[in-house]
$ cat structure_6.cif   # mmCIF, C-alpha atoms
data_target
loop_
_atom_site.label_atom_id
_atom_site.label_comp_id
_atom_site.auth_asym_id
_atom_site.auth_seq_id
_atom_site.Cartn_x
_atom_site.Cartn_y
_atom_site.Cartn_z
CA MET A 1485 0.00 0.00 0.00
CA THR A 1486 1.40 3.39 -0.99
CA GLU A 1487 1.62 6.33 1.37
CA ALA A 1488 -1.23 8.07 -0.51
CA GLU A 1489 -3.44 4.99 -0.14
CA LYS A 1490 -2.70 4.83 3.59
CA ILE A 1491 -3.69 8.48 4.03
CA VAL A 1492 -7.02 8.01 2.19
CA LYS A 1493 -7.75 4.84 4.14
CA LEU A 1494 -7.15 6.62 7.46
CA GLN A 1495 -9.30 9.57 6.37
CA MET A 1496 -12.20 7.32 5.42
CA GLN A 1497 -11.92 5.26 8.60
CA GLU A 1498 -12.10 8.46 10.63
CA LEU A 1499 -15.22 9.54 8.74
CA GLY A 1500 -16.70 6.11 9.29
CA GLN A 1501 -16.02 6.11 13.03
CA GLN A 1502 -17.49 9.57 13.42
CA ALA A 1503 -20.56 8.65 11.35
CA ARG A 1504 -21.16 5.49 13.38
CA ALA A 1505 -21.00 7.43 16.64
CA ALA A 1506 -23.27 10.15 15.25
CA SER A 1507 -25.78 7.59 13.98
CA ARG A 1508 -26.45 6.39 17.53
CA LEU A 1509 -27.30 9.92 18.60
CA MET A 1510 -29.42 10.57 15.51
CA ALA A 1511 -31.44 7.41 16.13
CA SER A 1512 -32.82 8.92 19.33
CA ALA A 1513 -33.13 12.51 18.08
CA GLU A 1514 -36.53 14.15 18.54
CA THR A 1515 -38.49 15.12 15.45
CA SER A 1516 -38.42 18.76 16.56
CA ALA A 1517 -34.62 18.75 16.69
CA LYS A 1518 -34.33 17.24 13.21
CA ASN A 1519 -36.76 19.79 11.81
CA THR A 1520 -34.87 22.61 13.53
CA ALA A 1521 -31.66 21.40 11.89
CA LEU A 1522 -33.27 21.33 8.45
CA LEU A 1523 -34.76 24.80 8.76
CA ALA A 1524 -31.54 26.22 10.20
CA ALA A 1525 -29.61 24.71 7.30
CA MET A 1526 -32.10 26.38 4.97
CA GLU A 1527 -31.43 29.74 6.62
CA ALA A 1528 -27.68 29.18 6.44
CA ILE A 1529 -27.81 28.45 2.70
CA ASP A 1530 -29.97 31.52 2.14
CA SER A 1531 -27.58 33.75 4.07
CA MET A 1532 -24.46 32.27 2.45
CA ARG A 1533 -25.50 32.66 -1.19
CA THR A 1534 -22.38 34.72 -1.94
CA ALA A 1535 -20.04 32.10 -0.50
CA LEU A 1536 -21.90 29.36 -2.39
CA ALA A 1537 -21.62 31.33 -5.63
CA GLU A 1538 -17.89 31.83 -5.12
CA ALA A 1539 -17.33 28.13 -4.43
CA ASN A 1540 -19.43 27.17 -7.43
CA ALA A 1541 -17.50 29.61 -9.63
CA ARG A 1542 -14.26 27.82 -8.65
CA ASP A 1543 -15.77 24.51 -9.72
CA LEU A 1544 -17.09 25.93 -12.99
CA LYS A 1545 -13.72 27.49 -13.82
CA ALA A 1546 -11.91 24.23 -13.08
CA GLY A 1547 -14.47 22.37 -15.15
CA GLU A 1548 -13.99 24.64 -18.14
CA GLU A 1549 -10.21 24.20 -17.86
CA LYS A 1550 -10.69 20.41 -17.81
CA GLY A 1551 -12.83 20.62 -20.94
CA LEU A 1552 -16.17 19.56 -19.42
CA ASP A 1553 -18.94 19.76 -22.01
CA ALA A 1554 -21.81 22.25 -21.86
CA ALA A 1555 -24.28 19.72 -20.47
CA MET A 1556 -21.96 18.80 -17.59
CA LEU A 1557 -21.26 22.45 -16.80
CA ASP A 1558 -24.98 23.15 -16.79
CA ARG A 1559 -25.60 20.37 -14.24
CA LEU A 1560 -22.74 21.73 -12.17
CA GLU A 1561 -23.95 25.33 -12.02
CA LEU A 1562 -25.73 26.59 -8.91
CA THR A 1563 -28.11 29.18 -10.32
CA ASP A 1564 -30.38 31.32 -8.15
CA ALA A 1565 -33.30 29.15 -9.24
CA ARG A 1566 -31.48 25.98 -8.14
CA ILE A 1567 -30.63 27.49 -4.78
CA GLU A 1568 -34.31 28.38 -4.34
CA THR A 1569 -35.16 24.75 -5.16
CA MET A 1570 -32.68 23.60 -2.52
CA LEU A 1571 -34.31 25.86 0.06
CA GLU A 1572 -37.79 24.65 -0.85
CA GLY A 1573 -36.57 21.05 -0.66
CA LEU A 1574 -35.32 21.51 2.90
CA LYS A 1575 -38.61 23.12 3.87
CA GLN A 1576 -40.59 20.25 2.34
CA VAL A 1577 -38.55 17.55 4.08
CA ALA A 1578 -39.00 19.35 7.40
CA SER A 1579 -42.77 19.24 6.82
CA LEU A 1580 -42.85 15.49 6.17
CA ALA A 1581 -44.08 13.10 8.84
CA ASP A 1582 -41.25 11.50 10.79
CA PRO A 1583 -41.37 7.71 10.26
CA ILE A 1584 -39.02 6.89 13.14
CA GLY A 1585 -40.61 5.24 16.16
CA GLU A 1586 -43.84 4.36 14.39
CA ILE A 1587 -45.21 1.01 15.62
CA THR A 1588 -47.39 -0.96 13.25
CA ASP A 1589 -49.12 -4.36 13.22
CA LEU A 1590 -49.37 -4.42 17.02
CA ARG A 1591 -51.43 -7.45 18.00
CA TYR A 1592 -52.07 -9.73 20.97
CA MET A 1593 -50.66 -13.25 20.81
CA PRO A 1594 -52.18 -16.31 22.53
CA SER A 1595 -49.54 -16.01 25.24
CA GLY A 1596 -50.82 -12.54 26.16
CA ILE A 1597 -47.84 -10.57 24.87
CA GLN A 1598 -48.30 -7.88 22.22
CA VAL A 1599 -46.04 -8.05 19.15
CA GLY A 1600 -45.52 -5.25 16.62
CA ARG A 1601 -42.91 -3.63 14.42
CA MET A 1602 -41.16 -0.34 15.06
CA ARG A 1603 -39.61 1.73 12.29
CA VAL A 1604 -35.96 2.60 12.98
CA PRO A 1605 -33.07 4.26 11.09
CA ILE A 1606 -30.75 2.10 9.01
CA GLY A 1607 -27.69 3.69 10.63
CA VAL A 1608 -24.98 5.06 8.33
CA ILE A 1609 -25.75 5.67 4.68
CA GLY A 1610 -23.02 6.32 2.13
CA ILE A 1611 -24.12 8.25 -0.95
CA ILE A 1612 -21.98 8.49 -4.08
CA TYR A 1613 -23.10 10.86 -6.80
CA GLU A 1614 -21.90 12.88 -9.77
CA SER A 1615 -22.06 16.45 -11.03
CA ARG A 1616 -25.06 18.12 -9.41
CA PRO A 1617 -24.17 19.79 -6.09
CA ASN A 1618 -27.85 20.18 -5.14
CA VAL A 1619 -27.86 16.40 -4.53
CA THR A 1620 -25.80 17.17 -1.42
CA VAL A 1621 -28.81 18.94 0.10
CA GLU A 1622 -31.36 16.36 -1.12
CA ALA A 1623 -29.40 13.42 0.24
CA ALA A 1624 -28.38 15.03 3.51
CA SER A 1625 -31.89 16.24 4.31
CA LEU A 1626 -33.54 12.85 3.76
CA CYS A 1627 -30.89 11.01 5.77
CA LEU A 1628 -31.14 13.56 8.57
CA LYS A 1629 -34.95 13.43 8.78
CA SER A 1630 -34.93 9.62 8.80
CA GLY A 1631 -32.52 9.61 11.75
CA ASN A 1632 -29.45 8.37 9.88
CA ALA A 1633 -25.90 9.61 9.66
CA THR A 1634 -24.52 9.98 6.14
CA ILE A 1635 -21.20 10.14 4.34
CA LEU A 1636 -21.48 11.98 1.03
CA ARG A 1637 -19.03 11.57 -1.81
CA GLY A 1638 -19.89 13.96 -4.62
CA GLY A 1639 -18.19 14.23 -7.97
CA SER A 1640 -14.74 15.82 -7.96
CA GLU A 1641 -16.01 18.46 -10.40
CA ALA A 1642 -18.32 19.85 -7.66
CA PHE A 1643 -15.82 19.61 -4.80
CA TYR A 1644 -15.87 23.24 -3.61
CA SER A 1645 -19.63 23.60 -4.04
CA ASN A 1646 -20.29 20.46 -2.02
CA GLN A 1647 -17.98 21.57 0.78
CA ALA A 1648 -19.72 24.96 0.97
CA ILE A 1649 -23.16 23.33 1.11
CA ALA A 1650 -21.97 20.88 3.76
CA LYS A 1651 -20.84 23.80 5.89
CA CYS A 1652 -24.41 25.15 5.85
CA ILE A 1653 -25.83 21.76 6.83
CA ARG A 1654 -23.36 21.46 9.70
CA LYS A 1655 -24.50 24.89 10.86
CA GLY A 1656 -28.05 23.58 10.95
CA LEU A 1657 -27.06 20.52 12.97
CA GLU A 1658 -25.10 22.67 15.42
CA THR A 1659 -28.09 24.99 15.88
CA ALA A 1660 -30.31 22.02 16.71
CA GLY A 1661 -27.81 20.49 19.14
CA LEU A 1662 -27.27 17.46 16.92
CA PRO A 1663 -23.83 16.02 16.05
CA GLU A 1664 -22.24 17.87 13.14
CA THR A 1665 -20.68 14.57 12.05
CA ALA A 1666 -24.15 13.26 11.20
CA VAL A 1667 -23.55 14.72 7.72
CA GLN A 1668 -20.00 14.48 6.37
CA VAL A 1669 -18.72 15.22 2.89
CA VAL A 1670 -15.59 13.34 1.86
CA GLY A 1671 -12.75 15.88 1.88
CA THR A 1672 -10.68 14.41 -0.94
CA THR A 1673 -11.16 14.03 -4.68
CA ASP A 1674 -9.03 10.90 -4.73
CA ARG A 1675 -11.01 8.03 -6.28
CA LEU A 1676 -9.53 5.69 -3.71
CA ALA A 1677 -12.03 7.21 -1.27
CA VAL A 1678 -14.93 5.56 -3.12
CA GLY A 1679 -13.25 2.17 -2.90
CA GLU A 1680 -12.81 2.60 0.84
CA LEU A 1681 -16.36 3.87 1.42
CA ILE A 1682 -18.00 0.86 -0.24
CA THR A 1683 -15.83 -1.65 1.63
CA MET A 1684 -16.35 -0.49 5.24
CA PRO A 1685 -19.26 -2.60 6.52
CA GLU A 1686 -18.15 -1.97 10.08
CA TYR A 1687 -19.01 1.71 9.62
CA VAL A 1688 -21.42 1.93 6.66
CA ASP A 1689 -24.75 0.06 6.49
CA VAL A 1690 -25.87 0.83 2.95
CA ILE A 1691 -24.59 2.59 -0.17
CA VAL A 1692 -26.79 4.62 -2.53
CA PRO A 1693 -25.08 5.37 -5.86
CA ARG A 1694 -26.57 8.15 -7.99
CA GLY A 1695 -25.01 8.54 -11.40
CA GLY A 1696 -24.31 6.85 -14.68
CA LYS A 1697 -24.52 3.14 -15.37
CA GLY A 1698 -20.74 2.75 -15.25
CA LEU A 1699 -20.53 4.17 -11.73
CA ILE A 1700 -23.38 2.02 -10.45
CA GLU A 1701 -22.02 -1.15 -12.06
CA ARG A 1702 -18.60 -0.59 -10.51
CA ILE A 1703 -20.03 0.02 -7.05
CA SER A 1704 -22.39 -2.95 -7.27
CA LYS A 1705 -19.50 -5.19 -8.30
CA ASP A 1706 -16.98 -4.07 -5.69
CA ALA A 1707 -19.09 -3.13 -2.67
CA LYS A 1708 -18.95 -5.12 0.55
CA VAL A 1709 -21.85 -3.04 1.82
CA ALA A 1710 -25.50 -3.45 0.76
CA VAL A 1711 -26.37 -1.25 -2.26
CA ILE A 1712 -29.72 0.40 -3.13
CA LYS A 1713 -29.59 0.92 -6.87
CA HIS A 1714 -30.98 0.75 -10.36
CA LEU A 1715 -28.81 0.29 -13.44
CA ASP A 1716 -31.20 1.04 -16.30
CA GLY A 1717 -34.59 2.53 -16.91
CA ILE A 1718 -35.84 0.42 -19.82
CA CYS A 1719 -39.51 1.32 -19.37
CA HIS A 1720 -42.38 0.01 -21.51
CA VAL A 1721 -45.86 1.12 -22.47
CA TYR A 1722 -48.16 -1.62 -23.78
CA ILE A 1723 -51.30 -0.58 -25.68
CA ASP A 1724 -53.83 -3.37 -25.27
CA ASP A 1725 -56.61 -4.64 -27.54
CA GLY A 1726 -59.53 -2.23 -27.37
CA ALA A 1727 -57.59 0.49 -25.53
CA ASP A 1728 -59.04 3.99 -25.54
CA ILE A 1729 -57.27 5.57 -28.51
CA THR A 1730 -57.04 9.07 -27.03
CA LYS A 1731 -55.60 7.75 -23.76
CA ALA A 1732 -53.18 5.50 -25.63
CA VAL A 1733 -51.83 8.23 -27.91
CA ASN A 1734 -51.48 10.77 -25.10
CA ILE A 1735 -49.71 8.33 -22.76
CA ALA A 1736 -47.35 7.03 -25.46
CA LEU A 1737 -46.44 10.59 -26.44
CA ASN A 1738 -45.97 11.90 -22.90
CA ALA A 1739 -44.01 8.87 -21.66
CA LYS A 1740 -41.44 9.38 -24.42
CA THR A 1741 -41.26 13.13 -25.07
CA HIS A 1742 -41.96 14.80 -21.70
CA ARG A 1743 -38.26 14.44 -20.86
CA TYR A 1744 -35.74 12.23 -22.61
CA GLY A 1745 -32.78 11.92 -20.26
CA VAL A 1746 -34.62 10.49 -17.24
CA CYS A 1747 -34.87 6.92 -15.97
CA ASN A 1748 -38.68 6.82 -16.10
CA ALA A 1749 -39.02 7.78 -19.78
CA MET A 1750 -40.50 5.12 -22.07
CA GLU A 1751 -37.86 3.40 -24.19
CA SER A 1752 -40.02 0.66 -25.82
CA LEU A 1753 -43.62 0.83 -27.03
CA LEU A 1754 -45.61 -2.38 -27.48
CA VAL A 1755 -48.89 -2.28 -29.43
CA ALA A 1756 -51.46 -5.04 -29.79
CA GLU A 1757 -51.79 -6.06 -33.44
CA SER A 1758 -55.48 -5.12 -33.59
CA MET A 1759 -54.61 -1.54 -32.56
CA ALA A 1760 -51.38 -1.06 -34.50
CA GLU A 1761 -52.71 0.53 -37.69
CA THR A 1762 -54.73 3.14 -35.83
CA ILE A 1763 -52.33 3.92 -32.98
CA LEU A 1764 -49.07 3.94 -34.92
CA GLY A 1765 -50.70 5.88 -37.73
CA GLN A 1766 -51.51 8.69 -35.31
CA LEU A 1767 -48.24 8.51 -33.40
CA GLU A 1768 -46.05 8.65 -36.50
CA GLN A 1769 -46.68 12.33 -37.17
CA LEU A 1770 -46.58 13.24 -33.48
CA TYR A 1771 -43.19 11.59 -32.99
CA ASN A 1772 -41.97 13.25 -36.19
CA ASP A 1773 -42.92 16.62 -34.71
CA PHE A 1774 -40.60 15.86 -31.78
CA ASP A 1775 -37.85 14.45 -34.04
CA VAL A 1776 -38.06 11.06 -32.34
CA GLU A 1777 -36.23 8.34 -34.26
CA ILE A 1778 -38.26 5.13 -34.50
CA ARG A 1779 -36.71 1.67 -34.56
CA GLY A 1780 -39.38 -0.92 -35.18
CA CYS A 1781 -40.17 -4.53 -35.93
CA GLU A 1782 -41.28 -5.51 -39.44
CA LYS A 1783 -44.96 -4.90 -38.69
CA THR A 1784 -44.15 -1.49 -37.26
CA ARG A 1785 -42.12 -0.54 -40.32
CA ALA A 1786 -45.00 -1.57 -42.59
CA ILE A 1787 -47.08 1.17 -40.91
CA MET A 1788 -44.44 3.78 -40.03
CA SER A 1789 -42.57 4.38 -43.27
CA GLU A 1790 -39.57 6.17 -41.76
CA ALA A 1791 -38.93 3.62 -39.01
CA LYS A 1792 -35.53 1.95 -38.99
CA PRO A 1793 -35.17 -1.80 -38.37
CA ALA A 1794 -35.02 -2.67 -34.68
CA THR A 1795 -32.30 -5.07 -33.58
CA GLU A 1796 -32.08 -7.31 -30.52
CA GLU A 1797 -29.89 -4.64 -28.95
CA ASP A 1798 -32.68 -2.06 -29.22
CA TRP A 1799 -34.95 -4.02 -26.89
CA ASN A 1800 -32.11 -3.94 -24.31
CA THR A 1801 -31.23 -0.26 -24.68
CA GLU A 1802 -31.99 2.73 -22.46
CA TYR A 1803 -31.67 5.51 -25.02
CA LEU A 1804 -32.04 8.54 -22.71
CA GLY A 1805 -32.73 10.52 -25.88
CA PRO A 1806 -35.20 10.98 -28.76
CA VAL A 1807 -35.08 7.35 -29.90
CA LEU A 1808 -37.86 4.78 -29.41
CA SER A 1809 -38.15 1.08 -30.17
CA ILE A 1810 -41.61 -0.19 -31.16
CA LYS A 1811 -42.93 -3.73 -31.43
CA VAL A 1812 -46.32 -4.97 -32.60
CA VAL A 1813 -47.39 -7.94 -30.45
CA ALA A 1814 -50.20 -10.45 -30.73
CA GLY A 1815 -51.70 -9.42 -27.40
CA ILE A 1816 -51.16 -9.25 -23.65
CA ASP A 1817 -49.43 -12.66 -23.42
CA GLU A 1818 -46.65 -11.62 -25.79
CA ALA A 1819 -46.47 -8.16 -24.22
CA ILE A 1820 -45.90 -9.52 -20.71
CA GLU A 1821 -43.36 -12.04 -21.99
CA HIS A 1822 -41.46 -9.30 -23.83
CA ILE A 1823 -41.48 -6.95 -20.83
CA ASN A 1824 -40.32 -9.59 -18.36
CA THR A 1825 -37.54 -10.53 -20.80
CA TYR A 1826 -36.22 -7.05 -21.61
CA SER A 1827 -37.44 -4.73 -18.85
CA SER A 1828 -34.95 -3.40 -16.30
CA GLN A 1829 -37.73 -3.79 -13.68
CA HIS A 1830 -38.10 -0.04 -13.33
CA THR A 1831 -41.54 1.04 -14.64
CA ASP A 1832 -44.00 -0.50 -17.09
CA THR A 1833 -47.58 0.46 -17.93
CA ILE A 1834 -50.59 -0.97 -19.75
CA VAL A 1835 -53.20 1.11 -21.54
CA THR A 1836 -56.42 -0.90 -21.41
CA GLU A 1837 -60.16 -0.69 -20.84
CA ASP A 1838 -60.29 -4.34 -19.75
CA TYR A 1839 -60.31 -4.65 -15.94
CA SER A 1840 -59.20 -8.27 -15.89
CA ARG A 1841 -56.25 -7.74 -18.23
CA GLY A 1842 -55.21 -4.69 -16.25
CA ARG A 1843 -55.16 -6.68 -13.01
CA ARG A 1844 -53.26 -9.46 -14.74
CA PHE A 1845 -50.64 -6.97 -15.95
CA LEU A 1846 -50.21 -5.64 -12.40
CA ARG A 1847 -49.78 -9.17 -11.06
CA GLU A 1848 -47.48 -10.66 -13.69
CA VAL A 1849 -45.15 -7.81 -14.73
CA ASP A 1850 -42.13 -7.99 -12.41
CA SER A 1851 -41.14 -4.33 -12.04
CA SER A 1852 -40.77 -1.89 -9.17
CA SER A 1853 -43.62 0.26 -10.54
CA VAL A 1854 -46.46 -1.19 -12.62
CA MET A 1855 -49.21 1.08 -13.91
CA ILE A 1856 -52.58 1.07 -15.64
CA ASN A 1857 -53.54 3.93 -17.97
CA ALA A 1858 -50.80 6.30 -16.78
CA SER A 1859 -47.52 7.61 -18.17
CA THR A 1860 -44.31 6.02 -16.89
CA ARG A 1861 -43.17 9.56 -16.06
CA PHE A 1862 -45.20 9.35 -12.84
CA ALA A 1863 -42.62 6.94 -11.34
CA ASP A 1864 -41.20 9.55 -9.02
CA GLY A 1865 -41.05 10.04 -5.26
CA PHE A 1866 -42.77 13.42 -5.33
CA GLU A 1867 -45.56 12.16 -7.60
CA TYR A 1868 -46.03 9.14 -5.31
CA GLY A 1869 -46.56 11.40 -2.32
CA LEU A 1870 -43.23 10.61 -0.67
CA GLY A 1871 -42.34 14.30 -0.58
CA ALA A 1872 -38.86 13.62 -1.91
CA GLU A 1873 -36.71 10.70 -2.98
CA ILE A 1874 -33.09 9.73 -2.74
CA GLY A 1875 -33.31 7.59 -5.87
CA ILE A 1876 -35.21 4.71 -7.41
CA SER A 1877 -34.47 1.11 -6.54
CA THR A 1878 -35.06 -1.86 -8.83
CA ASP A 1879 -33.79 -4.27 -6.19
CA LYS A 1880 -36.26 -6.66 -4.59
CA ILE A 1881 -34.95 -6.64 -1.03
CA HIS A 1882 -35.75 -3.80 1.38
CA ALA A 1883 -36.61 -0.70 -0.69
CA ARG A 1884 -38.16 -1.02 -4.16
CA GLY A 1885 -39.27 1.81 -6.44
CA PRO A 1886 -38.84 5.47 -5.42
CA VAL A 1887 -36.91 5.59 -2.14
CA GLY A 1888 -38.16 8.26 0.26
CA LEU A 1889 -37.90 8.58 4.03
CA GLU A 1890 -39.41 5.15 4.72
CA GLY A 1891 -36.96 3.53 2.30
CA LEU A 1892 -34.11 4.87 4.44
CA THR A 1893 -35.42 3.04 7.49
CA SER A 1894 -35.65 -0.53 8.70
CA GLN A 1895 -37.95 -2.25 11.18
CA LYS A 1896 -37.46 -4.20 14.37
CA PHE A 1897 -39.90 -6.35 16.28
CA VAL A 1898 -41.10 -4.97 19.60
CA VAL A 1899 -42.81 -7.00 22.33
CA LEU A 1900 -44.98 -5.57 25.08
CA GLY A 1901 -45.48 -7.72 28.12
CA ASP A 1902 -46.49 -7.40 31.78
CA GLY A 1903 -44.33 -9.94 33.54
CA HIS A 1904 -45.04 -12.62 30.96
CA ILE A 1905 -42.86 -15.72 31.00
CA ARG A 1906 -42.82 -18.49 28.41
CA LYS A 1907 -44.33 -21.78 29.54
#

$ encode --input "structure_6.cif" --output "structure tokens"
Amino acid sequence: MTEAEKIVKLQMQELGQQARAASRLMASAETSAKNTALLAAMEAIDSMRTALAEANARDLKAGEEKGLDAAMLDRLELTDARIETMLEGLKQVASLADPIGEITDLRYMPSGIQVGRMRVPIGVIGIIYESRPNVTVEAASLCLKSGNATILRGGSEAFYSNQAIAKCIRKGLETAGLPETAVQVVGTTDRLAVGELITMPEYVDVIVPRGGKGLIERISKDAKVAVIKHLDGICHVYIDDGADITKAVNIALNAKTHRYGVCNAMESLLVAESMAETILGQLEQLYNDFDVEIRGCEKTRAIMSEAKPATEEDWNTEYLGPVLSIKVVAGIDEAIEHINTYSSQHTDTIVTEDYSRGRRFLREVDSSSVMINASTRFADGFEYGLGAEIGISTDKIHARGPVGLEGLTSQKFVVLGDGHIRK
């Protein structure tokens, strides 16, 4: 091990030890104290706009010198509007119900004891993300409200911005009398820090990666800590036999064109053969208006003259852009088979007027969000009433779908007795 590696390892171990100690205090923190911390952090960010702008300017200048493209620089920039969004986000999280301590399913057993489940914090959450410094506020606020400690490792391109934001959050924690080490931002841009963070199960309970597929794949492969993740958002819309044409066209258009570069955008459209001529005939011009490139099966290309041939790779691709694969299927059986074969288990929807087929779709499609007669774009923590989300999980254990406050908690059994002994 080189001297540099030893230094990073020691730094990360210190962060881990401090986070573990802070997590025990956060687990017993009163809701009022957590809300005070969030609102005080909001006030600190508002009062330190100049310092935030200066830190962000350093990052932008360094990014330009490194040759970051316009899109990356845009994500990096902390505009006044984005700062306002950060402030509103802190206010919203403070207004959310605190899940910690909630006891559910409390029931009497034949022995006379009562058994239930209490919601508790996970402990220490490591969050690894890229580019956008506002994620620092989003992640820290959700972890704080759910009674967890967190170690944040943002992208090196946002180093100074993240440190400035973290200072404001620490101010909030100090004001509320909570440990400042409950929210820590890794103080080095060395990539070795990521490797250490994801291999410290003695200090970190779960990792949440937010970024590109390459980052998430690497973390999932190398982590010794549990990971809450999704790799792809290959989302489908299936238009069923006898679907309402207006609903079908509107949903298929919105799911694809509302925003392209998001994980809940539709990437594949499946249309029942009986509906194909009508639906695809109407969608062809609409997609043309949005400059969406169509890649279709043979039956699709017979209807949509400008469609390019779809390959096997297309059914497996998250385009994150104005490209859409389309397949004409015999009916719901083939649609479900196709989705369960190619879906990334993120979000899939059926457009149908048949109650039984809709219920069957909900039951048999194995994804974290399954919908009837709604755009896939609704797969979002805010739209689901969670108030905010730290990401979307396509895993099947613990959290699945949009991960809000409850997804950052666990449960333990609690037993209430009155001198009961087992006989």

$ residues_around --input "structure_6.cif" --residues "segment 1897-1907 of chain A" --least-positions-apart "6" --cutoff "6 Å" --atoms "only C-alpha atoms" --output "list in words"
Ile1597, Gln1598, Val1599, Gly1600 and Arg1601 of chain A

$ closest_atom_pairs --input "structure_6.cif" --of "segment 1860-1892 of chain A" --to "segment 1669-1691 of chain A" --cutoff "12 Å" --atoms "all atoms listed in the file" --output "CSV"
residue,atom,partner,partner_atom,distance
A:Ile1874,CA,A:Ile1691,CA,11.4
A:Gly1875,CA,A:Ile1691,CA,11.6
A:Ser1877,CA,A:Ile1691,CA,11.8
A:His1882,CA,A:Val1690,CA,11.0
A:Ala1883,CA,A:Val1690,CA,11.4
A:Gly1891,CA,A:Val1690,CA,11.4
A:Leu1892,CA,A:Val1690,CA,9.3

$ residues_around --input "structure_6.cif" --residues "Ala1749 of chain A" --least-positions-apart "4" --cutoff "10 Å" --atoms "all atoms listed in the file" --output "PDB file with C-alpha atoms, in the frame of the given file"
ATOM      1  CA  GLY A1717     -34.590   2.530 -16.910  1.00  0.00           C
ATOM      2  CA  ILE A1718     -35.840   0.420 -19.820  1.00  0.00           C
ATOM      3  CA  CYS A1719     -39.510   1.320 -19.370  1.00  0.00           C
ATOM      4  CA  HIS A1720     -42.380   0.010 -21.510  1.00  0.00           C
ATOM      5  CA  VAL A1721     -45.860   1.120 -22.470  1.00  0.00           C
ATOM      6  CA  ASN A1738     -45.970  11.900 -22.900  1.00  0.00           C
ATOM      7  CA  ALA A1739     -44.010   8.870 -21.660  1.00  0.00           C
ATOM      8  CA  LYS A1740     -41.440   9.380 -24.420  1.00  0.00           C
ATOM      9  CA  THR A1741     -41.260  13.130 -25.070  1.00  0.00           C
ATOM     10  CA  HIS A1742     -41.960  14.800 -21.700  1.00  0.00           C
ATOM     11  CA  ARG A1743     -38.260  14.440 -20.860  1.00  0.00           C
ATOM     12  CA  TYR A1744     -35.740  12.230 -22.610  1.00  0.00           C
ATOM     13  CA  GLY A1745     -32.780  11.920 -20.260  1.00  0.00           C
ATOM     14  CA  GLU A1802     -31.990   2.730 -22.460  1.00  0.00           C
ATOM     15  CA  TYR A1803     -31.670   5.510 -25.020  1.00  0.00           C
ATOM     16  CA  LEU A1804     -32.040   8.540 -22.710  1.00  0.00           C
ATOM     17  CA  GLY A1805     -32.730  10.520 -25.880  1.00  0.00           C
ATOM     18  CA  THR A1831     -41.540   1.040 -14.640  1.00  0.00           C
ATOM     19  CA  SER A1859     -47.520   7.610 -18.170  1.00  0.00           C
ATOM     20  CA  THR A1860     -44.310   6.020 -16.890  1.00  0.00           C
ATOM     21  CA  ARG A1861     -43.170   9.560 -16.060  1.00  0.00           C
ATOM     22  CA  PHE A1862     -45.200   9.350 -12.840  1.00  0.00           C
ATOM     23  CA  ALA A1863     -42.620   6.940 -11.340  1.00  0.00           C
TER      24      ALA A1863
END

$ residues_around --input "structure_6.cif" --residues "Ala1578 of chain A" --least-positions-apart "3" --cutoff "8 Å" --atoms "all atoms listed in the file" --output "list of chain:residue names"
A:Lys1518, A:Asn1519, A:Leu1522, A:Leu1523, A:Leu1574, A:Lys1575, A:Lys1629

$ atom_distance --input "structure_6.cif" --atom1 "atom CA of Glu1757 of chain A" --atom2 "atom CA of Thr1801 of chain A"
23.1 Å

$ resolve_selection --input "structure_6.cif" --expression "the PyMOL selection byres ((chain A and resi 1627) around 9)" --output "list in words"
Pro1605, Val1608, Ile1609, Glu1622, Ala1623, Ala1624, Ser1625, Leu1626, Leu1628, Lys1629, Ser1630, Gly1631, Asn1632, Ala1633, Thr1634, Ala1666, Val1667, Ile1874, Leu1889 and Leu1892 of chain A

$ closest_residue --input "structure_6.cif" --among "A:Met1496, A:Leu1808, A:Leu1571, A:Val1755" --to "Val1776 of chain A" --atoms "all atoms listed in the file"
A:Leu1808

$ residues_around --input "structure_6.cif" --residues "Leu1770 of chain A" --least-positions-apart "3" --cutoff "12 Å" --atoms "all atoms listed in the file" --output "list in words"
Val1733, Asn1734, Ala1736, Leu1737, Asn1738, Lys1740, Thr1741, Ile1763, Leu1764, Gly1765, Gln1766, Leu1767, Asp1773, Phe1774, Asp1775, Val1776, Glu1777, Ile1778 and Met1788 of chain A

$ residues_around --input "structure_6.cif" --residues "Ser1894 of chain A" --least-positions-apart "5" --cutoff "7 Å" --atoms "only C-alpha atoms" --output "count of residues only"
4

$ resolve_selection --input "structure_6.cif" --expression "the PyMOL selection byres ((chain A and resi 1547) around 12)" --output "ChimeraX atom specification"
/A:1540-1546,1548-1561,1615,1639-1644

$ atom_distance --input "structure_6.cif" --atom1 "atom CA of Thr1534 of chain A" --atom2 "atom CA of Glu1873 of chain A"
28.0 Å

$ resolve_selection --input "structure_6.cif" --expression "the PyMOL selection byres ((chain A and resi 1700) around 12)" --output "VMD selection string"
chain A and resid 1611 to 1614 1678 1682 1691 to 1699 1701 to 1707 1711 to 1716 1877

$ closest_residue --input "structure_6.cif" --among "A:Ser1645, A:Thr1520, A:Ser1579, A:Asn1824" --to "Arg1533 of chain A" --atoms "all atoms listed in the file"
A:Ser1645

$ residues_near_point --input "structure_6.cif" --point "(-45.6, -13.7, -15.9)" --cutoff "12 Å" --atoms "only C-alpha atoms" --output "JSON, numbers by chain"
{"A": [1816, 1817, 1818, 1819, 1820, 1821, 1822, 1823, 1824, 1825, 1844, 1845, 1846, 1847, 1848, 1849, 1850, 1851]}

$ atom_distance --input "structure_6.cif" --atom1 "atom CA of Leu1754 of chain A" --atom2 "atom CA of Tyr1868 of chain A"
25.0 Å
